[in-house]
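S.K.: One file: structure10.txt (compact mmCIF, N, CA and C atoms).
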# COMPACT_ATOMS: atom_id res chain seq x y z
N MET A 1 10.72 9.92 16.90
CA MET A 1 9.88 9.58 15.77
C MET A 1 10.55 8.47 14.96
N THR A 2 9.76 7.52 14.53
CA THR A 2 10.27 6.41 13.74
C THR A 2 10.55 6.89 12.32
N PRO A 3 11.76 6.62 11.81
CA PRO A 3 12.07 7.04 10.44
C PRO A 3 11.27 6.23 9.43
N PRO A 4 11.16 6.75 8.19
CA PRO A 4 10.44 6.02 7.15
C PRO A 4 11.12 4.69 6.82
N THR A 5 10.33 3.77 6.31
CA THR A 5 10.81 2.42 6.02
C THR A 5 11.07 2.23 4.53
N VAL A 6 12.16 1.53 4.23
CA VAL A 6 12.44 1.05 2.88
C VAL A 6 12.32 -0.47 2.93
N LEU A 7 11.45 -1.03 2.10
CA LEU A 7 11.32 -2.47 2.00
C LEU A 7 12.39 -2.99 1.05
N VAL A 8 13.21 -3.91 1.52
CA VAL A 8 14.24 -4.54 0.69
C VAL A 8 13.59 -5.82 0.14
N GLU A 9 13.24 -5.77 -1.12
CA GLU A 9 12.44 -6.81 -1.76
C GLU A 9 13.31 -7.99 -2.20
N ARG A 10 12.67 -9.12 -2.43
CA ARG A 10 13.35 -10.39 -2.75
C ARG A 10 14.37 -10.28 -3.89
N THR A 11 14.04 -9.63 -4.99
CA THR A 11 14.96 -9.56 -6.13
C THR A 11 16.21 -8.75 -5.78
N PHE A 12 16.04 -7.72 -4.97
CA PHE A 12 17.17 -6.90 -4.51
C PHE A 12 18.05 -7.73 -3.59
N LEU A 13 17.44 -8.47 -2.65
CA LEU A 13 18.20 -9.34 -1.75
C LEU A 13 18.98 -10.38 -2.54
N HIS A 14 18.35 -10.97 -3.54
CA HIS A 14 19.01 -12.00 -4.35
C HIS A 14 20.22 -11.43 -5.08
N ALA A 15 20.05 -10.28 -5.71
CA ALA A 15 21.17 -9.66 -6.43
C ALA A 15 22.30 -9.29 -5.47
N LEU A 16 21.92 -8.82 -4.30
CA LEU A 16 22.92 -8.41 -3.30
C LEU A 16 23.74 -9.58 -2.78
N THR A 17 23.12 -10.73 -2.64
CA THR A 17 23.78 -11.88 -2.03
C THR A 17 24.33 -12.89 -3.03
N THR A 18 24.20 -12.60 -4.30
CA THR A 18 24.70 -13.50 -5.35
C THR A 18 25.91 -12.85 -6.02
N PRO A 19 27.12 -13.34 -5.72
CA PRO A 19 28.33 -12.68 -6.23
C PRO A 19 28.40 -12.53 -7.75
N ASP A 20 27.84 -13.47 -8.52
CA ASP A 20 27.95 -13.39 -9.97
C ASP A 20 26.69 -12.81 -10.64
N HIS A 21 25.80 -12.21 -9.84
CA HIS A 21 24.60 -11.58 -10.41
C HIS A 21 25.02 -10.42 -11.29
N ASP A 22 24.39 -10.27 -12.45
CA ASP A 22 24.79 -9.24 -13.42
C ASP A 22 24.56 -7.81 -12.92
N ARG A 23 23.72 -7.61 -11.93
CA ARG A 23 23.47 -6.26 -11.41
C ARG A 23 23.98 -6.08 -9.98
N ARG A 24 24.84 -7.00 -9.54
CA ARG A 24 25.29 -6.95 -8.14
C ARG A 24 26.01 -5.65 -7.79
N ASP A 25 26.88 -5.16 -8.64
CA ASP A 25 27.61 -3.93 -8.33
C ASP A 25 26.66 -2.76 -8.11
N GLU A 26 25.69 -2.63 -8.99
CA GLU A 26 24.69 -1.56 -8.87
C GLU A 26 23.89 -1.70 -7.57
N VAL A 27 23.45 -2.93 -7.27
CA VAL A 27 22.66 -3.18 -6.07
C VAL A 27 23.49 -2.96 -4.82
N LEU A 28 24.73 -3.41 -4.83
CA LEU A 28 25.61 -3.23 -3.67
C LEU A 28 25.83 -1.75 -3.40
N GLU A 29 26.02 -0.96 -4.43
CA GLU A 29 26.20 0.49 -4.26
C GLU A 29 24.95 1.11 -3.63
N ARG A 30 23.77 0.75 -4.15
CA ARG A 30 22.52 1.26 -3.58
C ARG A 30 22.34 0.81 -2.14
N TYR A 31 22.68 -0.45 -1.86
CA TYR A 31 22.52 -0.98 -0.51
C TYR A 31 23.43 -0.24 0.47
N LEU A 32 24.66 0.02 0.07
CA LEU A 32 25.58 0.75 0.95
C LEU A 32 25.06 2.16 1.24
N GLU A 33 24.42 2.78 0.26
CA GLU A 33 23.80 4.09 0.48
C GLU A 33 22.65 3.98 1.48
N LEU A 34 21.86 2.93 1.34
CA LEU A 34 20.75 2.71 2.27
C LEU A 34 21.26 2.45 3.68
N VAL A 35 22.30 1.65 3.80
CA VAL A 35 22.87 1.36 5.12
C VAL A 35 23.43 2.63 5.75
N ALA A 36 24.07 3.48 4.96
CA ALA A 36 24.59 4.75 5.49
C ALA A 36 23.44 5.60 6.03
N ALA A 37 22.33 5.66 5.31
CA ALA A 37 21.17 6.41 5.78
C ALA A 37 20.57 5.76 7.02
N TYR A 38 20.58 4.45 7.07
CA TYR A 38 20.11 3.71 8.25
C TYR A 38 20.97 4.07 9.47
N GLU A 39 22.28 4.10 9.27
CA GLU A 39 23.19 4.42 10.38
C GLU A 39 23.02 5.86 10.87
N ARG A 40 22.56 6.73 9.98
CA ARG A 40 22.27 8.12 10.37
C ARG A 40 20.85 8.25 10.94
N HIS A 41 20.14 7.12 11.09
CA HIS A 41 18.77 7.07 11.61
C HIS A 41 17.78 7.82 10.73
N GLU A 42 18.06 7.84 9.42
CA GLU A 42 17.17 8.50 8.47
C GLU A 42 16.11 7.56 7.91
N LEU A 43 16.32 6.26 8.03
CA LEU A 43 15.36 5.28 7.53
C LEU A 43 15.54 3.96 8.24
N ARG A 44 14.52 3.12 8.08
CA ARG A 44 14.57 1.74 8.56
C ARG A 44 14.64 0.84 7.33
N LEU A 45 15.37 -0.25 7.45
CA LEU A 45 15.43 -1.25 6.39
C LEU A 45 14.66 -2.47 6.88
N ARG A 46 13.71 -2.91 6.07
CA ARG A 46 12.89 -4.06 6.45
C ARG A 46 12.72 -4.96 5.24
N ALA A 47 12.50 -6.24 5.50
CA ALA A 47 12.25 -7.22 4.44
C ALA A 47 11.32 -8.28 5.00
N ARG A 48 10.61 -8.93 4.09
CA ARG A 48 9.74 -10.03 4.50
C ARG A 48 10.59 -11.14 5.11
N HIS A 49 10.07 -11.70 6.20
CA HIS A 49 10.79 -12.77 6.91
C HIS A 49 11.07 -13.96 5.99
N ASP A 50 10.09 -14.35 5.19
CA ASP A 50 10.29 -15.50 4.31
C ASP A 50 11.34 -15.21 3.24
N HIS A 51 11.50 -13.97 2.82
CA HIS A 51 12.53 -13.62 1.85
C HIS A 51 13.91 -13.63 2.51
N LEU A 52 14.00 -13.14 3.72
CA LEU A 52 15.28 -13.19 4.44
C LEU A 52 15.70 -14.63 4.72
N ALA A 53 14.73 -15.47 5.04
CA ALA A 53 15.02 -16.87 5.39
C ALA A 53 15.62 -17.66 4.23
N GLU A 54 15.52 -17.14 3.01
CA GLU A 54 16.10 -17.82 1.85
C GLU A 54 17.62 -17.73 1.83
N HIS A 55 18.18 -16.90 2.70
CA HIS A 55 19.62 -16.66 2.71
C HIS A 55 20.26 -17.28 3.94
N HIS A 56 21.48 -17.73 3.77
CA HIS A 56 22.22 -18.39 4.85
C HIS A 56 22.27 -17.49 6.07
N VAL A 57 22.24 -18.11 7.23
CA VAL A 57 22.22 -17.37 8.50
C VAL A 57 23.43 -16.43 8.63
N ASP A 58 24.59 -16.83 8.13
CA ASP A 58 25.77 -15.96 8.20
C ASP A 58 25.57 -14.68 7.38
N ILE A 59 24.94 -14.82 6.24
CA ILE A 59 24.65 -13.64 5.39
C ILE A 59 23.66 -12.73 6.11
N ARG A 60 22.65 -13.33 6.74
CA ARG A 60 21.66 -12.53 7.47
C ARG A 60 22.30 -11.81 8.66
N ARG A 61 23.21 -12.47 9.34
CA ARG A 61 23.84 -11.87 10.53
C ARG A 61 24.87 -10.79 10.17
N ARG A 62 25.44 -10.88 8.99
CA ARG A 62 26.49 -9.92 8.63
C ARG A 62 25.97 -8.89 7.62
N LEU A 63 25.88 -9.30 6.38
CA LEU A 63 25.50 -8.37 5.31
C LEU A 63 24.11 -7.77 5.52
N LEU A 64 23.18 -8.59 5.96
CA LEU A 64 21.79 -8.15 6.09
C LEU A 64 21.42 -7.77 7.53
N ALA A 65 22.39 -7.60 8.39
CA ALA A 65 22.13 -7.28 9.80
C ALA A 65 21.24 -6.06 10.01
N PRO A 66 21.38 -4.98 9.22
CA PRO A 66 20.52 -3.82 9.45
C PRO A 66 19.06 -4.02 9.04
N VAL A 67 18.77 -5.11 8.35
CA VAL A 67 17.43 -5.33 7.80
C VAL A 67 16.54 -6.05 8.81
N GLU A 68 15.47 -5.37 9.21
CA GLU A 68 14.51 -5.95 10.16
C GLU A 68 13.55 -6.88 9.41
N SER A 69 13.12 -7.90 10.10
CA SER A 69 12.22 -8.89 9.52
C SER A 69 10.76 -8.49 9.72
N ILE A 70 9.96 -8.70 8.67
CA ILE A 70 8.51 -8.51 8.75
C ILE A 70 7.87 -9.89 8.56
N HIS A 71 7.17 -10.34 9.57
CA HIS A 71 6.47 -11.62 9.45
C HIS A 71 5.19 -11.41 8.65
N VAL A 72 4.95 -12.28 7.71
CA VAL A 72 3.77 -12.19 6.85
C VAL A 72 2.65 -13.01 7.49
N ALA A 73 1.65 -12.31 7.96
CA ALA A 73 0.51 -12.96 8.60
C ALA A 73 -0.34 -13.68 7.56
N THR A 74 -1.03 -14.70 8.01
CA THR A 74 -1.93 -15.45 7.13
C THR A 74 -2.97 -14.52 6.51
N GLN A 75 -3.43 -13.55 7.27
CA GLN A 75 -4.43 -12.62 6.72
C GLN A 75 -3.85 -11.80 5.58
N PHE A 76 -2.54 -11.52 5.60
CA PHE A 76 -1.90 -10.81 4.48
C PHE A 76 -1.99 -11.65 3.22
N ARG A 77 -1.75 -12.94 3.36
CA ARG A 77 -1.81 -13.85 2.20
C ARG A 77 -3.24 -13.93 1.66
N ARG A 78 -4.21 -13.97 2.58
CA ARG A 78 -5.62 -13.99 2.14
C ARG A 78 -5.97 -12.71 1.40
N GLN A 79 -5.53 -11.58 1.94
CA GLN A 79 -5.82 -10.31 1.29
C GLN A 79 -5.19 -10.25 -0.10
N ALA A 80 -4.02 -10.85 -0.25
CA ALA A 80 -3.34 -10.83 -1.54
C ALA A 80 -4.15 -11.54 -2.62
N THR A 81 -4.91 -12.56 -2.24
CA THR A 81 -5.72 -13.28 -3.22
C THR A 81 -6.91 -12.45 -3.68
N ARG A 82 -7.28 -11.43 -2.89
CA ARG A 82 -8.43 -10.58 -3.22
C ARG A 82 -8.00 -9.18 -3.66
N LEU A 83 -6.74 -9.03 -3.94
CA LEU A 83 -6.20 -7.72 -4.27
C LEU A 83 -6.78 -7.19 -5.58
N ALA A 84 -7.31 -5.98 -5.53
CA ALA A 84 -7.80 -5.31 -6.74
C ALA A 84 -6.58 -4.73 -7.46
N VAL A 85 -6.41 -5.12 -8.71
CA VAL A 85 -5.20 -4.75 -9.45
C VAL A 85 -5.54 -3.71 -10.52
N PRO A 86 -4.88 -2.53 -10.48
CA PRO A 86 -5.08 -1.55 -11.55
C PRO A 86 -4.63 -2.12 -12.90
N ASP A 87 -5.21 -1.64 -13.97
CA ASP A 87 -4.92 -2.15 -15.32
C ASP A 87 -3.42 -2.14 -15.63
N GLU A 88 -2.71 -1.09 -15.22
CA GLU A 88 -1.29 -1.00 -15.57
C GLU A 88 -0.43 -2.06 -14.88
N LEU A 89 -0.98 -2.72 -13.84
CA LEU A 89 -0.24 -3.77 -13.16
C LEU A 89 -0.58 -5.17 -13.66
N ASN A 90 -1.62 -5.29 -14.48
CA ASN A 90 -1.98 -6.60 -15.01
C ASN A 90 -0.80 -7.20 -15.77
N GLY A 91 -0.53 -8.46 -15.49
CA GLY A 91 0.58 -9.14 -16.13
C GLY A 91 1.89 -8.97 -15.40
N HIS A 92 1.93 -8.13 -14.37
CA HIS A 92 3.15 -7.90 -13.62
C HIS A 92 3.11 -8.53 -12.23
N LEU A 93 1.96 -9.06 -11.85
CA LEU A 93 1.81 -9.57 -10.49
C LEU A 93 1.76 -11.09 -10.46
N ASP A 94 2.61 -11.67 -9.62
CA ASP A 94 2.45 -13.07 -9.28
C ASP A 94 2.01 -13.10 -7.81
N ASP A 95 1.79 -14.27 -7.26
CA ASP A 95 1.29 -14.37 -5.89
C ASP A 95 2.23 -13.73 -4.88
N ASP A 96 3.54 -13.92 -5.07
CA ASP A 96 4.51 -13.38 -4.13
C ASP A 96 4.52 -11.86 -4.15
N VAL A 97 4.45 -11.27 -5.32
CA VAL A 97 4.42 -9.81 -5.44
C VAL A 97 3.13 -9.27 -4.84
N ALA A 98 2.02 -9.98 -5.03
CA ALA A 98 0.75 -9.55 -4.44
C ALA A 98 0.85 -9.51 -2.92
N VAL A 99 1.47 -10.51 -2.32
CA VAL A 99 1.66 -10.51 -0.86
C VAL A 99 2.54 -9.33 -0.46
N THR A 100 3.59 -9.08 -1.22
CA THR A 100 4.46 -7.95 -0.92
C THR A 100 3.69 -6.63 -0.98
N LEU A 101 2.79 -6.48 -1.95
CA LEU A 101 1.98 -5.27 -2.03
C LEU A 101 1.09 -5.10 -0.81
N VAL A 102 0.55 -6.19 -0.31
CA VAL A 102 -0.26 -6.13 0.91
C VAL A 102 0.62 -5.72 2.09
N VAL A 103 1.81 -6.28 2.18
CA VAL A 103 2.74 -5.92 3.26
C VAL A 103 3.06 -4.42 3.19
N ILE A 104 3.31 -3.93 1.99
CA ILE A 104 3.61 -2.50 1.81
C ILE A 104 2.47 -1.65 2.35
N ARG A 105 1.25 -2.02 2.00
CA ARG A 105 0.09 -1.24 2.46
C ARG A 105 -0.11 -1.38 3.96
N ARG A 106 -0.09 -2.60 4.47
CA ARG A 106 -0.38 -2.83 5.89
C ARG A 106 0.70 -2.25 6.80
N GLU A 107 1.94 -2.28 6.36
CA GLU A 107 3.06 -1.76 7.18
C GLU A 107 3.36 -0.30 6.89
N ARG A 108 2.58 0.30 5.98
CA ARG A 108 2.73 1.71 5.62
C ARG A 108 4.16 2.02 5.13
N ILE A 109 4.60 1.21 4.21
CA ILE A 109 5.94 1.36 3.63
C ILE A 109 5.85 2.26 2.41
N GLY A 110 6.72 3.24 2.35
CA GLY A 110 6.66 4.22 1.27
C GLY A 110 7.68 4.03 0.18
N ARG A 111 8.72 3.22 0.43
CA ARG A 111 9.76 3.05 -0.58
C ARG A 111 10.18 1.58 -0.63
N VAL A 112 10.58 1.15 -1.83
CA VAL A 112 10.96 -0.24 -2.05
C VAL A 112 12.26 -0.30 -2.82
N ALA A 113 13.21 -1.10 -2.34
CA ALA A 113 14.43 -1.40 -3.07
C ALA A 113 14.19 -2.72 -3.79
N SER A 114 14.07 -2.69 -5.11
CA SER A 114 13.70 -3.86 -5.89
C SER A 114 14.25 -3.75 -7.30
N LEU A 115 14.36 -4.89 -7.95
CA LEU A 115 14.72 -4.91 -9.36
C LEU A 115 13.49 -5.14 -10.25
N LEU A 116 12.33 -5.30 -9.65
CA LEU A 116 11.11 -5.55 -10.40
C LEU A 116 10.50 -4.24 -10.88
N PRO A 117 10.14 -4.17 -12.15
CA PRO A 117 9.53 -2.94 -12.68
C PRO A 117 8.15 -2.65 -12.10
N VAL A 118 7.48 -3.66 -11.53
CA VAL A 118 6.14 -3.44 -10.98
C VAL A 118 6.16 -2.36 -9.89
N PHE A 119 7.23 -2.27 -9.14
CA PHE A 119 7.28 -1.27 -8.08
C PHE A 119 7.48 0.13 -8.65
N ASP A 120 8.07 0.23 -9.83
CA ASP A 120 8.15 1.53 -10.52
C ASP A 120 6.76 1.97 -10.97
N LEU A 121 5.94 1.01 -11.37
CA LEU A 121 4.58 1.32 -11.82
C LEU A 121 3.71 1.85 -10.69
N LEU A 122 4.08 1.54 -9.45
CA LEU A 122 3.32 2.01 -8.30
C LEU A 122 3.62 3.46 -7.95
N HIS A 123 4.68 3.99 -8.57
CA HIS A 123 5.11 5.36 -8.32
C HIS A 123 5.52 5.59 -6.87
N LEU A 124 6.11 4.56 -6.25
CA LEU A 124 6.71 4.73 -4.94
C LEU A 124 8.05 5.39 -5.13
N PRO A 125 8.46 6.27 -4.22
CA PRO A 125 9.77 6.90 -4.38
C PRO A 125 10.90 5.86 -4.36
N THR A 126 11.91 6.08 -5.15
CA THR A 126 13.08 5.22 -5.15
C THR A 126 13.92 5.53 -3.93
N PRO A 127 14.44 4.50 -3.24
CA PRO A 127 15.27 4.78 -2.08
C PRO A 127 16.47 5.61 -2.45
N ALA A 128 16.82 6.54 -1.57
CA ALA A 128 17.99 7.41 -1.82
C ALA A 128 19.26 6.62 -1.78
Take the structure in the file and write it out as structure tokens.
M.R.:
Amino acid sequence: MTPPTVLVERTFLHALTTPDHDRRDEVLERYLELVAAYERHELRLRARHDHLAEHHVDIRRRLLAPVESIHVATQFRRQATRLAVPDELNGHLDDDVAVTLVVIRRERIGRVASLLPVFDLLHLPTPA
């Protein structure tokens, strides 16, 4: 059986790969916990391909090696433009976050590692 997926979102990736980021220690600790669960085959780590591509290939091959890439189809981007947004999310969505929400739904992702409060508003479980 395929373990549940945790989406590693752009803001989390940025904090993880930026040595002087103000939340890097917190994010690194969470990431190491996620990797430990990944190694125990308790979860899958996935991220959008375009978000992973923002990082140097050496970082992707080493630090981000456990993270599988999700290619964002053109239809996902089209769906994001037509996304019905609940009132509590108004003002929290930009185009990139809307695409990520479509990816979450289409890929049946139940948890997100992110620094954006919008994912807290969705009431998705926080990654262990």
S.K.: Using only C-alpha atoms, pick whichever of A:Leu83, A:Leu16, A:Asp25, A:Ala37 has the shortest atom-to-atom distance to Arg60 (chain A).
M.R.: A:Leu16
S.K.: For each of A:Arg46, A:Leu13, A:Asp94, A:Arg111, take the minimum atom-to-atom distance to Leu63 (chain A), counting only C-alpha atoms, then give the residue where this is smallest.
M.R.: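 Smallest distance to Leu63 (chain A) is found for A:Leu13.
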S.K.: I'd like the neighbourhood of Ile70 (chain A) as a VMD selection string, where a residue qualifies if any of its atoms comes within 6 Å (using only C-alpha atoms), though same-chain residues fewer than 3 positions away should be ignored.
M.R.: chain A and resid 47 to 49
S.K.: What does the file look like for those residues with N, CA and C atoms, as a short mmCIF file (atom, residue, chain, number, x, y, z; two decimals), keeping the file's coordinate frame?
M.R.:
data_model
loop_
_atom_site.label_atom_id
_atom_site.label_comp_id
_atom_site.auth_asym_id
_atom_site.auth_seq_id
_atom_site.Cartn_x
_atom_site.Cartn_y
_atom_site.Cartn_z
N ALA A 47 12.50 -6.24 5.50
CA ALA A 47 12.25 -7.22 4.44
C ALA A 47 11.32 -8.28 5.00
N ARG A 48 10.61 -8.93 4.09
CA ARG A 48 9.74 -10.03 4.50
C ARG A 48 10.59 -11.14 5.11
N HIS A 49 10.07 -11.70 6.20
CA HIS A 49 10.79 -12.77 6.91
C HIS A 49 11.07 -13.96 5.99
#
S.K.: Using the chain letters and numbers from this document, which residues of chain A does DSSP assign to strand (DSSP E or B), as a PyMOL selection string?
M.R.: chain A and resi 5-8+44-48+67-70+111-113
S.K.: For CA of Arg40 (chain A) and CA of Leu52 (chain A), determine how far apart the two atoms are, in Å to one decimal place.
M.R.: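 Going from CA of Arg40 (chain A) over to CA of Leu52 (chain A) covers 23.2 Å.
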S.K.: What is the CA of Arg61 (chain A) to CA of Pro4 (chain A) distance in Å?
M.R.: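 CA of Pro4 (chain A) lies at a distance of 22.6 Å from CA of Arg61 (chain A).
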